[in-house]
>>> print(open('run.txt').read())   # compact mmCIF, N, CA and C atoms
# COMPACT_ATOMS: atom_id res chain seq x y z
N MET J 9 90.26 -58.46 -59.94
CA MET J 9 89.77 -59.67 -59.34
C MET J 9 88.31 -59.91 -59.77
N PRO J 10 88.13 -60.47 -60.96
CA PRO J 10 86.77 -60.67 -61.46
C PRO J 10 85.99 -61.70 -60.63
N TRP J 11 86.65 -62.69 -60.07
CA TRP J 11 85.94 -63.70 -59.27
C TRP J 11 85.32 -63.07 -58.03
N MET J 12 86.01 -62.09 -57.44
CA MET J 12 85.51 -61.43 -56.24
C MET J 12 84.28 -60.57 -56.59
N THR J 13 84.33 -59.91 -57.69
CA THR J 13 83.20 -59.10 -58.14
C THR J 13 82.00 -59.99 -58.40
N LYS J 14 82.23 -61.12 -59.04
CA LYS J 14 81.15 -62.06 -59.33
C LYS J 14 80.53 -62.59 -58.03
N ASN J 15 81.36 -62.98 -57.07
CA ASN J 15 80.86 -63.48 -55.78
C ASN J 15 80.10 -62.39 -55.03
N LEU J 16 80.59 -61.16 -55.07
CA LEU J 16 79.93 -60.05 -54.40
C LEU J 16 78.58 -59.77 -55.05
N ASP J 17 78.52 -59.82 -56.39
CA ASP J 17 77.25 -59.63 -57.10
C ASP J 17 76.25 -60.71 -56.71
N THR J 18 76.70 -61.96 -56.64
CA THR J 18 75.83 -63.08 -56.25
C THR J 18 75.33 -62.90 -54.83
N PHE J 19 76.22 -62.48 -53.93
CA PHE J 19 75.83 -62.24 -52.54
C PHE J 19 74.77 -61.14 -52.45
N ASN J 20 75.00 -60.04 -53.13
CA ASN J 20 74.03 -58.93 -53.10
C ASN J 20 72.69 -59.35 -53.69
N LYS J 21 72.73 -60.14 -54.75
CA LYS J 21 71.49 -60.62 -55.36
C LYS J 21 70.72 -61.49 -54.37
N ASN J 22 71.42 -62.43 -53.71
CA ASN J 22 70.77 -63.30 -52.73
C ASN J 22 70.24 -62.51 -51.54
N LEU J 23 70.97 -61.51 -51.10
CA LEU J 23 70.53 -60.66 -50.00
C LEU J 23 69.26 -59.91 -50.39
N GLY J 24 69.21 -59.43 -51.62
CA GLY J 24 68.02 -58.74 -52.11
C GLY J 24 66.82 -59.66 -52.15
N ILE J 25 67.01 -60.91 -52.58
CA ILE J 25 65.91 -61.90 -52.62
C ILE J 25 65.42 -62.19 -51.22
N MET J 26 66.34 -62.33 -50.26
CA MET J 26 65.93 -62.61 -48.88
C MET J 26 65.13 -61.46 -48.30
N ASN J 27 65.54 -60.22 -48.56
CA ASN J 27 64.79 -59.06 -48.07
C ASN J 27 63.42 -58.97 -48.72
N GLU J 28 63.36 -59.32 -50.00
CA GLU J 28 62.09 -59.30 -50.72
C GLU J 28 61.11 -60.30 -50.09
N ILE J 29 61.59 -61.49 -49.79
CA ILE J 29 60.75 -62.52 -49.15
C ILE J 29 60.29 -62.04 -47.78
N LYS J 30 61.21 -61.47 -47.02
CA LYS J 30 60.89 -60.97 -45.68
C LYS J 30 59.82 -59.88 -45.74
N ASP J 31 59.94 -58.97 -46.72
CA ASP J 31 58.96 -57.89 -46.85
C ASP J 31 57.59 -58.40 -47.25
N LYS J 32 57.52 -59.44 -48.04
CA LYS J 32 56.23 -59.97 -48.51
C LYS J 32 55.49 -60.74 -47.42
N HIS J 33 56.23 -61.38 -46.52
CA HIS J 33 55.63 -62.26 -45.52
C HIS J 33 56.15 -61.94 -44.11
N PRO J 34 55.92 -60.74 -43.60
CA PRO J 34 56.52 -60.41 -42.30
C PRO J 34 55.92 -61.17 -41.12
N GLU J 35 54.70 -61.69 -41.24
CA GLU J 35 54.06 -62.36 -40.10
C GLU J 35 53.60 -63.77 -40.44
N ASP J 36 54.25 -64.41 -41.39
CA ASP J 36 53.85 -65.75 -41.81
C ASP J 36 54.60 -66.84 -41.05
N PHE J 37 54.88 -66.61 -39.79
CA PHE J 37 55.52 -67.65 -39.00
C PHE J 37 54.97 -67.63 -37.59
N LYS J 38 55.19 -68.72 -36.91
CA LYS J 38 54.69 -68.88 -35.54
C LYS J 38 55.84 -69.30 -34.65
N VAL J 39 55.89 -68.79 -33.45
CA VAL J 39 56.91 -69.15 -32.49
C VAL J 39 56.24 -69.86 -31.32
N GLU J 40 56.77 -71.01 -30.96
CA GLU J 40 56.25 -71.76 -29.83
C GLU J 40 57.41 -72.15 -28.94
N VAL J 41 57.30 -71.88 -27.66
CA VAL J 41 58.34 -72.22 -26.70
C VAL J 41 57.91 -73.48 -25.96
N LEU J 42 58.74 -74.50 -26.04
CA LEU J 42 58.48 -75.75 -25.33
C LEU J 42 59.28 -75.68 -24.03
N SER J 43 58.58 -75.51 -22.93
CA SER J 43 59.22 -75.15 -21.66
C SER J 43 59.84 -76.31 -20.90
N ASP J 44 59.48 -77.54 -21.21
CA ASP J 44 60.00 -78.68 -20.46
C ASP J 44 60.98 -79.49 -21.32
N SER J 45 62.05 -79.92 -20.68
CA SER J 45 63.05 -80.76 -21.32
C SER J 45 63.26 -81.98 -20.43
N ILE J 46 63.10 -83.17 -21.01
CA ILE J 46 63.29 -84.42 -20.27
C ILE J 46 64.31 -85.26 -21.03
N LYS J 47 65.38 -85.64 -20.34
CA LYS J 47 66.43 -86.47 -20.95
C LYS J 47 66.38 -87.85 -20.30
N PHE J 48 66.29 -88.87 -21.12
CA PHE J 48 66.30 -90.26 -20.66
C PHE J 48 67.64 -90.87 -21.05
N TYR J 49 68.31 -91.49 -20.10
CA TYR J 49 69.57 -92.17 -20.36
C TYR J 49 69.28 -93.66 -20.47
N LEU J 50 69.21 -94.13 -21.71
CA LEU J 50 68.77 -95.50 -21.99
C LEU J 50 69.94 -96.37 -22.41
N PRO J 51 70.14 -97.51 -21.75
CA PRO J 51 71.18 -98.43 -22.21
C PRO J 51 70.72 -99.08 -23.52
N ARG J 52 71.68 -99.33 -24.40
CA ARG J 52 71.34 -99.99 -25.67
C ARG J 52 71.25 -101.49 -25.43
N VAL J 53 70.14 -101.89 -24.86
CA VAL J 53 69.88 -103.30 -24.60
C VAL J 53 68.64 -103.69 -25.39
N GLU J 54 68.32 -104.96 -25.36
CA GLU J 54 67.15 -105.44 -26.08
C GLU J 54 65.90 -104.67 -25.63
N GLY J 55 65.18 -104.15 -26.59
CA GLY J 55 63.95 -103.42 -26.30
C GLY J 55 64.09 -101.91 -26.30
N TYR J 56 65.34 -101.39 -26.32
CA TYR J 56 65.49 -99.94 -26.23
C TYR J 56 64.94 -99.23 -27.47
N LEU J 57 65.04 -99.87 -28.64
CA LEU J 57 64.57 -99.23 -29.86
C LEU J 57 63.05 -99.05 -29.86
N GLU J 58 62.32 -100.03 -29.29
CA GLU J 58 60.87 -99.89 -29.17
C GLU J 58 60.50 -98.75 -28.24
N VAL J 59 61.29 -98.57 -27.18
CA VAL J 59 61.07 -97.46 -26.24
C VAL J 59 61.26 -96.13 -26.96
N VAL J 60 62.32 -96.03 -27.76
CA VAL J 60 62.59 -94.80 -28.51
C VAL J 60 61.47 -94.53 -29.50
N ARG J 61 61.00 -95.56 -30.18
CA ARG J 61 59.88 -95.38 -31.13
C ARG J 61 58.62 -94.90 -30.41
N ASP J 62 58.33 -95.47 -29.24
CA ASP J 62 57.17 -95.03 -28.46
C ASP J 62 57.29 -93.55 -28.10
N MET J 63 58.47 -93.14 -27.67
CA MET J 63 58.69 -91.74 -27.32
C MET J 63 58.49 -90.83 -28.53
N ALA J 64 59.05 -91.26 -29.66
CA ALA J 64 58.97 -90.45 -30.88
C ALA J 64 57.52 -90.26 -31.32
N SER J 65 56.70 -91.28 -31.15
CA SER J 65 55.30 -91.16 -31.57
C SER J 65 54.47 -90.36 -30.56
N LYS J 66 54.91 -90.32 -29.30
CA LYS J 66 54.15 -89.67 -28.24
C LYS J 66 54.45 -88.17 -28.13
N TYR J 67 55.69 -87.77 -28.41
CA TYR J 67 56.11 -86.39 -28.22
C TYR J 67 56.54 -85.77 -29.54
N ARG J 68 56.40 -84.46 -29.64
CA ARG J 68 56.65 -83.76 -30.91
C ARG J 68 58.12 -83.58 -31.23
N GLY J 69 58.92 -83.21 -30.26
CA GLY J 69 60.33 -82.95 -30.52
C GLY J 69 61.21 -83.86 -29.72
N MET J 70 62.21 -84.46 -30.38
CA MET J 70 63.09 -85.37 -29.67
C MET J 70 64.44 -85.39 -30.37
N SER J 71 65.51 -85.48 -29.57
CA SER J 71 66.84 -85.65 -30.13
C SER J 71 67.48 -86.87 -29.48
N LEU J 72 68.38 -87.51 -30.22
CA LEU J 72 69.08 -88.69 -29.73
C LEU J 72 70.58 -88.48 -29.81
N ILE J 73 71.28 -88.84 -28.76
CA ILE J 73 72.74 -88.78 -28.74
C ILE J 73 73.24 -90.10 -28.17
N GLU J 74 74.21 -90.71 -28.85
CA GLU J 74 74.78 -91.96 -28.37
C GLU J 74 76.10 -91.66 -27.65
N PHE J 75 76.33 -92.38 -26.55
CA PHE J 75 77.57 -92.19 -25.80
C PHE J 75 77.93 -93.47 -25.07
N ASP J 76 79.18 -93.55 -24.60
CA ASP J 76 79.65 -94.66 -23.78
C ASP J 76 79.48 -94.27 -22.32
N GLY J 77 78.89 -95.17 -21.53
CA GLY J 77 78.69 -94.89 -20.11
C GLY J 77 79.43 -95.88 -19.24
N TYR J 78 79.99 -95.37 -18.16
CA TYR J 78 80.68 -96.19 -17.16
C TYR J 78 79.89 -96.05 -15.86
N PHE J 79 78.94 -96.94 -15.66
CA PHE J 79 78.07 -96.85 -14.50
C PHE J 79 78.17 -98.11 -13.66
N GLU J 80 77.67 -98.01 -12.43
CA GLU J 80 77.61 -99.14 -11.49
C GLU J 80 78.98 -99.76 -11.25
N GLY J 81 80.04 -98.94 -11.28
CA GLY J 81 81.39 -99.42 -10.98
C GLY J 81 82.00 -100.32 -12.03
N LYS J 82 81.44 -100.34 -13.24
CA LYS J 82 81.99 -101.20 -14.30
C LYS J 82 83.15 -100.51 -14.99
N PHE J 83 84.12 -101.31 -15.42
CA PHE J 83 85.28 -100.77 -16.11
C PHE J 83 85.12 -100.78 -17.62
N GLU J 84 84.21 -101.59 -18.12
CA GLU J 84 83.93 -101.64 -19.55
C GLU J 84 82.75 -100.72 -19.86
N PRO J 85 82.87 -99.91 -20.92
CA PRO J 85 81.77 -99.00 -21.22
C PRO J 85 80.56 -99.74 -21.78
N VAL J 86 79.41 -99.17 -21.55
CA VAL J 86 78.15 -99.65 -22.11
C VAL J 86 77.65 -98.55 -23.03
N LYS J 87 77.12 -98.93 -24.19
CA LYS J 87 76.54 -97.95 -25.11
C LYS J 87 75.22 -97.47 -24.55
N TYR J 88 75.05 -96.16 -24.53
CA TYR J 88 73.82 -95.54 -24.07
C TYR J 88 73.29 -94.59 -25.13
N ILE J 89 72.01 -94.36 -25.05
CA ILE J 89 71.34 -93.34 -25.86
C ILE J 89 70.75 -92.32 -24.91
N ARG J 90 70.99 -91.05 -25.19
CA ARG J 90 70.29 -90.00 -24.44
C ARG J 90 69.18 -89.50 -25.35
N ALA J 91 67.95 -89.79 -24.95
CA ALA J 91 66.78 -89.33 -25.70
C ALA J 91 66.24 -88.11 -24.98
N GLU J 92 66.25 -86.98 -25.66
CA GLU J 92 65.78 -85.74 -25.06
C GLU J 92 64.47 -85.32 -25.71
N ILE J 93 63.48 -85.14 -24.87
CA ILE J 93 62.14 -84.76 -25.33
C ILE J 93 61.91 -83.30 -24.96
N HIS J 94 61.31 -82.58 -25.87
CA HIS J 94 60.93 -81.18 -25.63
C HIS J 94 59.42 -81.10 -25.73
N THR J 95 58.80 -80.56 -24.69
CA THR J 95 57.34 -80.49 -24.64
C THR J 95 56.94 -79.35 -23.70
N SER J 96 55.67 -79.21 -23.49
CA SER J 96 55.16 -78.19 -22.56
C SER J 96 54.17 -78.82 -21.61
N ASP J 97 54.10 -78.26 -20.42
CA ASP J 97 53.08 -78.62 -19.43
C ASP J 97 53.04 -80.12 -19.13
N ILE J 98 54.17 -80.67 -18.76
CA ILE J 98 54.22 -82.09 -18.42
C ILE J 98 54.35 -82.22 -16.90
N ASP J 99 53.70 -83.19 -16.34
CA ASP J 99 53.73 -83.42 -14.90
C ASP J 99 54.96 -84.26 -14.55
N GLU J 100 55.74 -83.77 -13.60
CA GLU J 100 56.99 -84.45 -13.22
C GLU J 100 56.73 -85.86 -12.70
N GLN J 101 55.73 -86.04 -11.85
CA GLN J 101 55.45 -87.37 -11.30
C GLN J 101 55.05 -88.35 -12.39
N ASN J 102 54.25 -87.89 -13.36
CA ASN J 102 53.89 -88.76 -14.49
C ASN J 102 55.12 -89.17 -15.28
N MET J 103 56.06 -88.24 -15.44
CA MET J 103 57.28 -88.55 -16.17
C MET J 103 58.14 -89.54 -15.40
N ILE J 104 58.19 -89.42 -14.07
CA ILE J 104 58.94 -90.38 -13.25
C ILE J 104 58.31 -91.77 -13.36
N ASN J 105 56.99 -91.84 -13.33
CA ASN J 105 56.30 -93.12 -13.49
C ASN J 105 56.57 -93.71 -14.88
N PHE J 106 56.57 -92.87 -15.90
CA PHE J 106 56.87 -93.30 -17.26
C PHE J 106 58.29 -93.86 -17.33
N ALA J 107 59.24 -93.17 -16.68
CA ALA J 107 60.63 -93.63 -16.66
C ALA J 107 60.76 -94.96 -15.93
N ASN J 108 60.01 -95.13 -14.85
CA ASN J 108 60.05 -96.41 -14.14
C ASN J 108 59.51 -97.54 -15.01
N ASP J 109 58.45 -97.27 -15.77
CA ASP J 109 57.93 -98.27 -16.71
C ASP J 109 59.00 -98.65 -17.74
N ILE J 110 59.73 -97.66 -18.21
CA ILE J 110 60.81 -97.93 -19.17
C ILE J 110 61.89 -98.78 -18.50
N ARG J 111 62.24 -98.44 -17.26
CA ARG J 111 63.25 -99.22 -16.52
C ARG J 111 62.85 -100.68 -16.43
N LEU J 112 61.57 -100.92 -16.14
CA LEU J 112 61.08 -102.29 -16.04
C LEU J 112 61.09 -102.99 -17.40
N ARG J 113 60.68 -102.28 -18.45
CA ARG J 113 60.68 -102.86 -19.80
C ARG J 113 62.07 -103.27 -20.24
N LEU J 114 63.06 -102.47 -19.86
CA LEU J 114 64.44 -102.74 -20.26
C LEU J 114 65.18 -103.64 -19.27
N ARG J 115 64.47 -104.04 -18.20
CA ARG J 115 65.02 -104.93 -17.16
C ARG J 115 66.31 -104.36 -16.56
N GLN J 116 66.23 -103.11 -16.10
CA GLN J 116 67.38 -102.43 -15.51
C GLN J 116 67.19 -102.24 -14.01
N LYS J 117 68.30 -102.23 -13.28
CA LYS J 117 68.24 -101.95 -11.84
C LYS J 117 67.91 -100.48 -11.60
N SER J 118 68.40 -99.62 -12.48
CA SER J 118 68.17 -98.19 -12.32
C SER J 118 68.10 -97.52 -13.69
N LEU J 119 67.54 -96.32 -13.67
CA LEU J 119 67.43 -95.53 -14.89
C LEU J 119 67.51 -94.06 -14.49
N ALA J 120 68.30 -93.28 -15.22
CA ALA J 120 68.45 -91.86 -14.91
C ALA J 120 67.68 -91.03 -15.93
N ILE J 121 67.04 -89.98 -15.42
CA ILE J 121 66.42 -88.99 -16.29
C ILE J 121 66.81 -87.61 -15.76
N GLU J 122 66.78 -86.64 -16.64
CA GLU J 122 66.93 -85.24 -16.24
C GLU J 122 65.62 -84.55 -16.58
N PHE J 123 65.03 -83.93 -15.59
CA PHE J 123 63.80 -83.17 -15.80
C PHE J 123 64.13 -81.71 -15.55
N ASN J 124 64.11 -80.91 -16.60
CA ASN J 124 64.46 -79.49 -16.51
C ASN J 124 65.77 -79.27 -15.76
N ASN J 125 66.80 -80.00 -16.18
CA ASN J 125 68.17 -79.91 -15.66
C ASN J 125 68.35 -80.41 -14.23
N ARG J 126 67.43 -81.24 -13.74
CA ARG J 126 67.61 -81.90 -12.43
C ARG J 126 67.71 -83.39 -12.68
N LEU J 127 68.80 -84.01 -12.23
CA LEU J 127 69.00 -85.44 -12.42
C LEU J 127 68.16 -86.22 -11.42
N ILE J 128 67.41 -87.18 -11.94
CA ILE J 128 66.55 -88.04 -11.09
C ILE J 128 66.95 -89.48 -11.39
N LEU J 129 67.31 -90.20 -10.36
CA LEU J 129 67.69 -91.62 -10.49
C LEU J 129 66.54 -92.47 -9.97
N ILE J 130 66.03 -93.35 -10.83
CA ILE J 130 64.94 -94.25 -10.47
C ILE J 130 65.55 -95.64 -10.37
N SER J 131 65.39 -96.27 -9.20
CA SER J 131 65.99 -97.59 -9.02
C SER J 131 65.03 -98.52 -8.27
N GLU J 132 65.35 -99.81 -8.37
CA GLU J 132 64.52 -100.81 -7.69
C GLU J 132 64.75 -100.73 -6.17
N ASN J 133 63.78 -101.24 -5.43
CA ASN J 133 63.90 -101.25 -3.94
C ASN J 133 64.94 -102.24 -3.50
>>> encode(input="run.txt", output="structure tokens")
Amino acid sequence: MPWMTKNLDTFNKNLGIMNEIKDKHPEDFKVEVLSDSIKFYLPRVEGYLEVVRDMASKYRGMSLIEFDGYFEGKFEPVKYIRAEIHTSDIDEQNMINFANDIRLRLRQKSLAIEFNNRLILISEN
């Protein structure tokens, strides 16, 4: 089986290169733990893209996931974006105020966020 020998030789060569790199630079990296996670559940309505851009410019790490949501007793799904921000040392009350500003910008009755795995619903009076 010459193909297997060739693949094994290539694997061993690559493994040797990886070990060589590791030996040359054992401490050339930095680890940072971002302790806070905030998830915003944003409806895809007019203005949502500007909100996402603002978040992206303000925070270092962010992921976006699109999903269909069935909220407020509606039978037709609404497209939503879950924007998840990863950061450190953020004040929960400031984040709630920020979420309320987003709710007002998007002209929504309510907006849900998760702050460190706790669901918070912000709604109008």
>>> atom_distance(input="run.txt", atom1="atom CA of Ala91 of chain J", atom2="atom N of Ser71 of chain J")
5.6 Å
>>> atom_distance(input="run.txt", atom1="atom N of Arg90 of chain J", atom2="atom N of Lys38 of chain J")
29.8 Å
>>> residues_around(input="run.txt", residues="Met70 of chain J", least_positions_apart="2", cutoff="6.5 Å", atoms="only N, CA and C atoms", output="ChimeraX atom specification")
/J:67-68,72,91-94
>>> select_by_dssp(input="run.txt", residues="segment 26-81 of chain J", states="alpha helix (DSSP H)", output="ChimeraX atom specification")
/J:26-32,56-66
>>> atom_distance(input="run.txt", atom1="atom CA of Ser131 of chain J", atom2="atom N of Asp62 of chain J")
21.7 Å
>>> closest_residue(input="run.txt", among="J:Ser118, J:Ser43, J:Ser65, J:Asn133", to="Ile98 of chain J", atoms="only C-alpha atoms")
J:Ser43
>>> closest_residue(input="run.txt", among="J:Asn102, J:Leu42, J:Glu54, J:Asp36", to="Leu114 of chain J", atoms="all atoms listed in the file")
J:Glu54
>>> residues_near_point(input="run.txt", point="(66.5, -94.4, -22.0)", cutoff="6 Å", atoms="all atoms listed in the file", output="tab-separated table (two decimals) with N, CA and C atoms, keeping the file's coordinate frame")
chain	number	residue	atom	x	y	z
J	48	PHE	N	66.29	-88.87	-21.12
J	48	PHE	CA	66.30	-90.26	-20.66
J	48	PHE	C	67.64	-90.87	-21.05
J	49	TYR	N	68.31	-91.49	-20.10
J	49	TYR	CA	69.57	-92.17	-20.36
J	49	TYR	C	69.28	-93.66	-20.47
J	50	LEU	N	69.21	-94.13	-21.71
J	50	LEU	CA	68.77	-95.50	-21.99
J	50	LEU	C	69.94	-96.37	-22.41
J	51	PRO	N	70.14	-97.51	-21.75
J	51	PRO	CA	71.18	-98.43	-22.21
J	51	PRO	C	70.72	-99.08	-23.52
J	89	ILE	N	72.01	-94.36	-25.05
J	89	ILE	CA	71.34	-93.34	-25.86
J	89	ILE	C	70.75	-92.32	-24.91
J	91	ALA	N	67.95	-89.79	-24.95
J	91	ALA	CA	66.78	-89.33	-25.70
J	91	ALA	C	66.24	-88.11	-24.98
